[in-house]
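Here is the file target-v2.tsv (TSV, C-alpha atoms and all ligand atoms).
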chain	number	residue	atom	x	y	z
L	1115	MET	CA	-100.52	-79.98	61.44
L	1116	THR	CA	-100.60	-82.47	64.30
L	1117	VAL	CA	-103.17	-85.26	64.15
L	1118	GLU	CA	-104.40	-86.59	67.49
L	1119	ILE	CA	-105.72	-90.16	67.44
L	1120	THR	CA	-108.55	-90.37	69.97
L	1121	ALA	CA	-109.52	-94.04	69.44
L	1122	THR	CA	-108.30	-97.04	67.43
L	1123	HIS	CA	-110.28	-100.17	66.53
L	1124	ARG	CA	-109.14	-103.29	64.68
L	1125	LEU	CA	-111.54	-103.83	61.78
L	1126	HIS	CA	-111.46	-106.12	58.69
L	1127	ASP	CA	-107.71	-106.79	58.84
L	1128	GLY	CA	-106.87	-103.12	59.25
L	1129	ALA	CA	-106.98	-100.21	61.69
L	1130	LEU	CA	-109.75	-97.65	62.07
L	1131	ARG	CA	-108.71	-94.47	63.88
L	1132	TYR	CA	-110.88	-91.61	65.11
L	1133	CYS	CA	-108.80	-88.44	64.73
L	1134	LYS	CA	-108.83	-84.77	65.63
L	1135	HIS	CA	-106.74	-81.85	64.36
L	1136	VAL	CA	-106.87	-78.09	64.18
L	1137	SER	CA	-107.76	-76.69	60.77
L	1138	ALA	CA	-106.22	-73.40	59.67
L	1139	SER	CA	-109.10	-72.92	57.20
L	1140	THR	CA	-112.00	-73.34	59.64
L	1141	GLY	CA	-110.04	-72.06	62.65
L	1142	THR	CA	-111.54	-74.92	64.70
L	1143	PRO	CA	-110.73	-78.46	65.75
L	1144	MET	CA	-112.03	-80.90	63.11
L	1145	LYS	CA	-112.72	-84.63	63.40
L	1146	PHE	CA	-112.31	-87.42	60.85
L	1147	THR	CA	-111.77	-91.18	60.65
L	1148	VAL	CA	-109.05	-93.05	58.74
L	1149	TRP	CA	-109.00	-96.77	57.98
L	1150	THR	CA	-105.91	-98.42	56.50
L	1151	PRO	CA	-105.33	-102.08	55.71
L	1152	ASP	CA	-102.52	-103.96	57.46
L	1153	GLY	CA	-99.15	-103.48	55.76
L	1154	GLU	CA	-96.75	-100.71	54.95
L	1155	GLY	CA	-98.48	-98.91	52.14
L	1156	PRO	CA	-98.59	-96.34	50.75
L	1157	PHE	CA	-102.21	-97.24	49.95
L	1158	PRO	CA	-104.57	-95.76	47.37
L	1159	TYR	CA	-107.41	-94.03	49.21
L	1160	LEU	CA	-110.89	-92.62	49.00
L	1161	VAL	CA	-112.24	-89.54	50.77
L	1162	TRP	CA	-115.92	-89.87	51.69
L	1163	LEU	CA	-118.07	-86.75	52.17
L	1164	SER	CA	-121.29	-87.22	54.14
L	1165	GLY	CA	-124.66	-85.52	53.88
L	1166	LEU	CA	-126.83	-83.22	55.96
L	1167	THR	CA	-126.89	-83.82	59.73
L	1168	CYS	CA	-123.91	-86.21	59.57
L	1169	THR	CA	-120.65	-86.28	61.50
L	1170	GLU	CA	-117.60	-88.38	60.68
L	1171	ASP	CA	-119.38	-91.26	62.40
L	1172	ASN	CA	-122.41	-91.93	60.15
L	1173	PHE	CA	-120.49	-93.41	57.23
L	1174	THR	CA	-117.95	-95.02	59.53
L	1175	THR	CA	-120.55	-96.97	61.50
L	1176	LYS	CA	-123.34	-97.51	58.95
L	1177	SER	CA	-121.92	-97.99	55.45
L	1178	GLY	CA	-120.19	-101.37	55.74
L	1179	VAL	CA	-117.43	-99.97	53.52
L	1180	TYR	CA	-114.45	-101.55	55.29
L	1181	GLU	CA	-115.12	-105.13	54.24
L	1182	HIS	CA	-114.88	-103.95	50.62
L	1183	ALA	CA	-111.97	-101.60	51.32
L	1184	ALA	CA	-110.05	-104.59	52.70
L	1185	ARG	CA	-110.92	-106.63	49.58
L	1186	PHE	CA	-109.43	-103.95	47.31
L	1187	GLY	CA	-106.64	-102.68	49.60
L	1188	ILE	CA	-108.03	-99.13	49.52
L	1189	ALA	CA	-107.80	-96.84	52.58
L	1190	ILE	CA	-110.79	-94.68	53.59
L	1191	VAL	CA	-110.89	-91.15	55.05
L	1192	ALA	CA	-114.21	-89.74	56.35
L	1193	PRO	CA	-114.35	-86.15	57.70
L	1194	ASP	CA	-117.08	-84.31	59.59
L	1195	THR	CA	-119.47	-82.16	57.52
L	1196	SER	CA	-118.82	-78.75	59.12
L	1197	PRO	CA	-116.94	-76.85	61.79
L	1198	ARG	CA	-118.60	-77.15	65.20
L	1199	GLY	CA	-118.45	-75.65	68.66
L	1200	GLU	CA	-119.83	-72.90	70.82
L	1201	GLY	CA	-118.10	-70.04	69.03
L	1202	VAL	CA	-119.23	-71.31	65.61
L	1203	ALA	CA	-122.34	-69.90	63.92
L	1204	ASP	CA	-125.35	-72.23	63.70
L	1205	ASP	CA	-128.97	-72.37	62.63
L	1206	PRO	CA	-131.78	-74.39	64.19
L	1207	ALA	CA	-132.68	-75.93	60.80
L	1208	TYR	CA	-131.02	-79.26	59.88
L	1209	ASP	CA	-130.01	-78.00	56.43
L	1210	LEU	CA	-127.94	-74.94	57.41
L	1211	GLY	CA	-125.01	-74.32	59.75
L	1212	GLN	CA	-123.37	-77.03	61.84
L	1213	GLY	CA	-123.78	-80.40	60.10
L	1214	ALA	CA	-124.51	-78.64	56.79
L	1215	GLY	CA	-121.28	-77.04	55.55
L	1216	PHE	CA	-122.00	-77.78	51.84
L	1217	TYR	CA	-118.25	-77.97	51.09
L	1218	VAL	CA	-118.01	-74.28	50.16
L	1219	ASP	CA	-115.92	-71.38	51.49
L	1220	ALA	CA	-118.52	-69.00	52.93
L	1221	THR	CA	-118.14	-65.32	52.13
L	1222	GLN	CA	-121.15	-64.06	54.10
L	1223	ALA	CA	-121.77	-63.22	57.78
L	1224	PRO	CA	-122.11	-64.95	60.17
L	1225	TRP	CA	-120.69	-68.00	58.35
L	1226	ALA	CA	-117.45	-66.73	56.76
L	1227	PRO	CA	-115.12	-66.97	59.80
L	1228	HIS	CA	-115.42	-70.78	60.18
L	1229	PHE	CA	-117.48	-72.29	57.32
L	1230	GLN	CA	-114.53	-72.91	54.96
L	1231	MET	CA	-115.19	-76.53	54.14
L	1232	TYR	CA	-113.97	-76.36	50.51
L	1233	SER	CA	-110.52	-75.29	51.69
L	1234	TYR	CA	-110.68	-77.61	54.68
L	1235	VAL	CA	-111.17	-80.75	52.58
L	1236	THR	CA	-108.95	-79.84	49.62
L	1237	LYS	CA	-106.06	-78.48	51.71
L	1238	ASP	CA	-106.01	-79.10	55.48
L	1239	LEU	CA	-107.57	-82.58	55.54
L	1240	LEU	CA	-105.50	-83.96	52.64
L	1241	GLU	CA	-102.29	-82.48	54.04
L	1242	ALA	CA	-103.02	-83.91	57.49
L	1243	VAL	CA	-103.87	-87.45	56.38
L	1244	ASP	CA	-101.07	-87.62	53.80
L	1245	GLY	CA	-98.59	-86.57	56.49
L	1246	ALA	CA	-99.84	-88.86	59.26
L	1247	PHE	CA	-100.80	-92.12	57.49
L	1248	PRO	CA	-99.34	-94.41	54.77
L	1249	LEU	CA	-101.48	-93.00	51.95
L	1250	ASP	CA	-100.58	-92.42	48.30
L	1251	PRO	CA	-101.66	-88.90	47.22
L	1252	ALA	CA	-101.20	-89.87	43.56
L	1253	ARG	CA	-103.91	-92.55	43.92
L	1254	ARG	CA	-106.67	-90.58	45.66
L	1255	GLY	CA	-110.39	-90.64	44.81
L	1256	ILE	CA	-113.47	-89.04	46.32
L	1257	PHE	CA	-117.11	-90.04	46.82
L	1258	GLY	CA	-120.04	-88.95	48.95
L	1259	HIS	CA	-123.77	-88.88	49.65
L	1260	SER	CA	-126.40	-86.20	49.05
L	1261	MET	CA	-124.80	-82.91	50.20
L	1262	GLY	CA	-121.57	-84.94	50.29
L	1263	GLY	CA	-122.26	-86.20	46.76
L	1264	HIS	CA	-122.43	-82.55	45.73
L	1265	GLY	CA	-119.15	-82.02	47.60
L	1266	ALA	CA	-117.46	-84.98	45.91
L	1267	LEU	CA	-118.59	-83.93	42.41
L	1268	THR	CA	-117.67	-80.26	42.77
L	1269	LEU	CA	-114.36	-80.79	44.56
L	1270	ALA	CA	-113.30	-83.40	41.98
L	1271	LEU	CA	-114.41	-81.40	38.93
L	1272	ARG	CA	-112.49	-78.39	40.22
L	1273	ASN	CA	-109.42	-80.38	41.29
L	1274	PRO	CA	-108.68	-83.18	38.81
L	1275	ASP	CA	-105.05	-82.87	39.92
L	1276	LEU	CA	-106.05	-83.96	43.45
L	1277	PHE	CA	-108.57	-86.72	42.66
L	1278	LYS	CA	-108.29	-89.51	40.05
L	1279	SER	CA	-111.83	-90.88	40.44
L	1280	VAL	CA	-115.21	-89.63	41.65
L	1281	SER	CA	-118.59	-91.20	42.37
L	1282	ALA	CA	-121.69	-90.21	44.32
L	1283	PHE	CA	-124.80	-91.61	46.00
L	1284	SER	CA	-128.00	-89.56	45.66
L	1285	PRO	CA	-126.07	-86.32	45.07
L	1286	ILE	CA	-127.39	-82.77	44.94
L	1287	VAL	CA	-126.23	-82.20	41.35
L	1288	SER	CA	-127.29	-78.55	41.04
L	1289	PRO	CA	-127.56	-76.24	44.07
L	1290	LEU	CA	-128.67	-73.56	41.57
L	1291	ASN	CA	-131.82	-75.61	40.94
L	1292	CYS	CA	-133.07	-76.99	44.26
L	1293	PRO	CA	-134.37	-75.68	47.61
L	1294	TRP	CA	-131.47	-77.09	49.69
L	1295	GLY	CA	-128.98	-75.38	47.38
L	1296	ASP	CA	-130.93	-72.17	47.19
L	1297	LYS	CA	-131.03	-71.82	50.96
L	1298	ALA	CA	-127.42	-72.81	51.67
L	1299	MET	CA	-125.76	-70.94	48.79
L	1300	THR	CA	-127.71	-67.75	49.56
L	1301	ALA	CA	-126.60	-67.96	53.18
L	1302	TYR	CA	-122.95	-68.91	52.55
L	1303	LEU	CA	-122.19	-67.17	49.23
L	1304	GLY	CA	-124.79	-64.40	48.98
L	1305	GLU	CA	-127.50	-63.42	46.49
L	1306	ASP	CA	-125.24	-63.24	43.41
L	1307	ARG	CA	-125.95	-66.60	41.75
L	1308	ALA	CA	-122.93	-66.22	39.46
L	1309	ALA	CA	-120.78	-66.97	42.53
L	1310	TRP	CA	-122.62	-70.29	42.97
L	1311	ARG	CA	-121.48	-71.74	39.63
L	1312	ALA	CA	-118.13	-72.86	41.05
L	1313	HIS	CA	-120.11	-74.99	43.51
L	1314	ASP	CA	-122.63	-76.49	41.08
L	1315	ALA	CA	-121.64	-79.76	39.37
L	1316	CYS	CA	-123.89	-79.10	36.35
L	1317	ALA	CA	-122.51	-75.58	35.86
L	1318	LEU	CA	-118.94	-76.88	36.24
L	1319	ILE	CA	-119.55	-79.48	33.52
L	1320	GLU	CA	-121.11	-76.79	31.30
L	1321	ASP	CA	-117.99	-74.68	31.92
L	1322	GLY	CA	-115.66	-77.55	30.94
L	1323	ALA	CA	-114.20	-78.39	34.37
L	1324	GLY	CA	-112.57	-81.75	35.15
L	1325	GLN	CA	-112.25	-83.05	31.58
L	1326	SER	CA	-109.84	-85.77	32.71
L	1327	PHE	CA	-112.50	-87.95	34.39
L	1328	ASP	CA	-113.33	-90.70	31.90
L	1329	ASP	CA	-116.62	-91.40	33.69
L	1330	ILE	CA	-118.48	-90.32	36.84
L	1331	LEU	CA	-120.66	-92.92	38.59
L	1332	ILE	CA	-123.90	-91.81	40.28
L	1333	GLU	CA	-126.12	-94.22	42.23
L	1334	GLN	CA	-129.71	-93.07	42.79
L	1335	GLY	CA	-132.58	-94.81	44.59
L	1336	LEU	CA	-135.98	-94.41	42.92
L	1337	ALA	CA	-137.88	-94.44	46.26
L	1338	ASP	CA	-135.75	-91.51	47.52
L	1339	SER	CA	-138.14	-88.89	48.92
L	1340	PHE	CA	-135.74	-86.11	47.84
L	1341	LEU	CA	-135.40	-87.30	44.23
L	1342	GLU	CA	-137.80	-85.00	42.36
L	1343	ASN	CA	-137.53	-81.89	44.50
L	1344	GLN	CA	-133.85	-81.76	45.47
L	1345	LEU	CA	-131.61	-84.24	43.64
L	1346	LYS	CA	-132.74	-84.20	39.97
L	1347	PRO	CA	-130.05	-86.45	38.41
L	1348	GLU	CA	-131.53	-85.75	34.98
L	1349	LEU	CA	-129.93	-82.29	35.17
L	1350	ILE	CA	-126.40	-83.69	35.28
L	1351	GLU	CA	-127.19	-86.21	32.54
L	1352	ALA	CA	-128.37	-83.33	30.34
L	1353	ALA	CA	-125.29	-81.23	31.15
L	1354	ALA	CA	-123.00	-84.19	30.36
L	1355	THR	CA	-124.75	-84.99	27.06
L	1356	LYS	CA	-124.50	-81.36	26.00
L	1357	ALA	CA	-120.80	-81.22	26.90
L	1358	GLY	CA	-120.04	-84.62	25.32
L	1359	ARG	CA	-118.98	-86.05	28.69
L	1360	LYS	CA	-119.64	-89.49	30.17
L	1361	ILE	CA	-121.68	-89.74	33.36
L	1362	THR	CA	-123.31	-93.02	34.40
L	1363	VAL	CA	-126.47	-92.63	36.51
L	1364	ARG	CA	-127.70	-95.98	37.85
L	1365	ARG	CA	-131.31	-95.82	39.03
L	1366	GLN	CA	-132.19	-98.47	41.60
L	1367	ASP	CA	-135.81	-99.49	42.11
L	1368	GLY	CA	-137.24	-99.31	45.61
L	1369	TYR	CA	-134.17	-97.83	47.37
L	1370	ASP	CA	-134.54	-94.71	49.55
L	1371	HIS	CA	-132.13	-91.96	50.68
L	1372	SER	CA	-130.75	-93.80	53.70
L	1373	TYR	CA	-127.53	-95.58	54.55
L	1374	PHE	CA	-129.35	-98.87	53.79
L	1375	PHE	CA	-129.14	-97.80	50.13
L	1376	ILE	CA	-125.48	-96.80	50.46
L	1377	THR	CA	-124.60	-100.12	52.14
L	1378	SER	CA	-126.28	-102.03	49.31
L	1379	PHE	CA	-124.07	-100.53	46.58
L	1380	ILE	CA	-120.90	-99.41	48.39
L	1381	GLY	CA	-119.01	-102.55	47.31
L	1382	GLU	CA	-119.73	-101.79	43.64
L	1383	HIS	CA	-118.43	-98.23	44.10
L	1384	LEU	CA	-115.23	-99.54	45.71
L	1385	ALA	CA	-114.75	-101.89	42.74
L	1386	TRP	CA	-115.33	-98.99	40.34
L	1387	HIS	CA	-112.77	-96.77	42.11
L	1388	ALA	CA	-110.29	-99.67	42.42
L	1389	GLN	CA	-110.16	-99.88	38.61
L	1390	ARG	CA	-109.16	-96.20	38.42
L	1391	LEU	CA	-106.79	-95.78	41.40
A	1	LIG	N1	-134.65	-86.79	57.67
A	1	LIG	C1	-133.28	-86.40	57.75
A	1	LIG	C2	-132.95	-85.45	56.61
A	1	LIG	C3	-131.50	-85.36	56.44
A	1	LIG	C4	-130.95	-86.58	55.79
A	1	LIG	O1	-131.64	-87.41	55.17
A	1	LIG	N2	-129.67	-86.72	55.95
A	1	LIG	C5	-128.96	-87.76	55.26
A	1	LIG	C6	-127.98	-87.08	54.36
A	1	LIG	S1	-128.76	-85.87	53.33
A	1	LIG	C7	-128.22	-88.64	56.25
A	1	LIG	O2	-127.26	-89.27	55.86
A	1	LIG	N3	-128.64	-88.66	57.53
A	1	LIG	C8	-127.92	-89.33	58.57
A	1	LIG	C9	-128.04	-90.83	58.62
A	1	LIG	O3	-128.91	-91.42	57.95
A	1	LIG	O4	-127.23	-91.45	59.34
A	1	LIG	C10	-133.00	-85.71	59.07
A	1	LIG	O5	-133.68	-84.73	59.38
A	1	LIG	O6	-132.07	-86.15	59.77
Here is the file; what I need is its structure written in the form of structure tokens.
Amino acid sequence: MTVEITATHRLHDGALRYCKHVSASTGTPMKFTVWTPDGEGPFPYLVWLSGLTCTEDNFTTKSGVYEHAARFGIAIVAPDTSPRGEGVADDPAYDLGQGAGFYVDATQAPWAPHFQMYSYVTKDLLEAVDGAFPLDPARRGIFGHSMGGHGALTLALRNPDLFKSVSAFSPIVSPLNCPWGDKAMTAYLGEDRAAWRAHDACALIEDGAGQSFDDILIEQGLADSFLENQLKPELIEAAATKAGRKITVRRQDGYDHSYFFITSFIGEHLAWHAQRL
């Protein structure tokens, strides 16, 4: 799969590239960014999955991650959140369709032809970046925010062979138990809620997935307007306790759902991943 570099910027003693490639899974062009430190590599790296309404640019421009990535010598890959384009299904709401792929492989019309974000991230994206940049696939972690936190948790729990570490900011921990999940999973996967379990971090923990992670770090702001209705971190704490698994939820007073919260704690997440990669 050929990767086209559309722009390069020098940043914190490394190179940030904006990239484009064609994904076999989504059947569309897909965009992502890759930052690597100076040097030959291969570098350990983290894949970041963004939340609703985001492109590859939100995290890249707002998170301040690269200063910390340079400190730890960890490369960063940040993909878009869905397929896009004129021939791609969409919905006027911000929480469905383009910008809201939920990191699942859709089975339902009109989404199934292009909304294959689970396969895109776990196969096409990893293959493309591993082939085009000096990255070490054996030292790969994943993290994300909100819908992307859900993506990071579920992709890691299902693929402990692909990812050695996982953390999340303000994640949707159980699509089975929140309005965002209810709407998206019904649209993408259909009415049969049994099919949703493979995309629900709490259900995956209940079902014993991803035993190899020694700990999962979750950062949650207590002034997040989505906390009680959508995010519900207490559900994943309960699932972990029941399964005898370690999950660390850090609740931060006064922080909201925005990238200001992410920026405030991104350095601590890089340090946490650096210990594991
Ligand atoms: N109020 C937001 C709701 C969606 C939202 O909060 N999106 C989060 C992820 S769930 C985000 O990262 N937005 C983009 C940004 O802050 O740059 C909107 O309608 O744009």
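The neighbours of Arg1254 of chain L here are the residues that come within 8 Å of it, using all atoms listed in the file and leaving out any residue fewer than 4 positions away in the same chain; they are L:Pro1158, L:Tyr1159, L:Leu1160, L:Val1161, L:Asp1250, L:Leu1276, L:Phe1277, L:Lys1278, L:Ser1279, L:Leu1391.
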Item to complete: Pick out the closest residue to ligand LIG 1 (chain A) from this set: L:Gly1165, L:Gly1258, L:Gly1295, L:Gly1213. Count all atoms listed in the file.
Response: L:Gly1165
Discussion item. Ligand LIG 1 (chain A): which residues are within 12 Å, counting only C-alpha atoms and all ligand atoms? Reply as a PyMOL selection string.
Written reply: chain L and resi 1163-1177+1194-1195+1206-1210+1213-1216+1258-1265+1283-1286+1294+1338-1341+1344-1345+1370-1377
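For the residues L:Thr1221, L:Lys1346, L:Ala1354, L:Ala1323, ranking by smallest atom-to-atom distance to Ala1309 of chain L using all atoms listed in the file places L:Thr1221 first.
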Practice prompt. Rank L:Arg1307, L:His1313, L:Lys1297, L:His1182 by their smallest atom-to-atom distance to Tyr1232 of chain L, using all atoms listed in the file, and report the top residue only.
Written response: L:His1313
Worksheet item: Residues around (-124.2, -82.7, 38.7), cut-off 10 Å, counting only C-alpha atoms - what are they as a count of residues only?
Response: 32
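Distances from L:Ser1281, L:Asp1367, L:Lys1360, L:Ser1196 to Leu1331 of chain L were compared using only C-alpha atoms, and the smallest one belongs to L:Ser1281.
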Practice prompt. Mind giving me the straight-line distance from atom CA of Leu1125 of chain L to atom CA of Ala1184 of chain L in Å, one decimal?
Written response: 9.2 Å
Worksheet item: Quick one: of L:Ala1357, L:Val1363, L:Ala1183, L:Cys1292, who's nearest to Gly1322 of chain L, counting only C-alpha atoms?
Response: L:Ala1357
Item to complete: Considering only C-alpha atoms, return as a list of chain:residue names whatever protein or nucleic-acid residues lie within 7 Å of Ser1326 of chain L, sequence-local ones (same chain, fewer than 2 positions apart) excluded.
Response: L:Pro1274, L:Gly1324, L:Asp1328
Worksheet item: atom CA of Val1117 of chain L to atom CA of Asp1238 of chain L: how many Å, to one decimal?
Response: 11.0 Å
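Counting all atoms listed in the file and comparing L:Phe1379, L:Tyr1369, L:Trp1149, L:Phe1247, the residue that lies closest to Leu1336 of chain L is L:Tyr1369.
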Discussion item. Report, in Å with one decimal, the straight-line distance from atom CA of Ala1223 of chain L to atom CA of Lys1237 of chain L.
Written reply: 22.7 Å
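Protein and nucleic acid residues near (-111.7, -67.4, 59.8) are L:Ala1138, L:Ser1139, L:Thr1140, L:Gly1141, L:Thr1142, L:Ala1220, L:Trp1225, L:Ala1226, L:Pro1227, L:His1228, L:Phe1229, L:Gln1230, the criterion being any atom at most 10 Å away using all atoms listed in the file.
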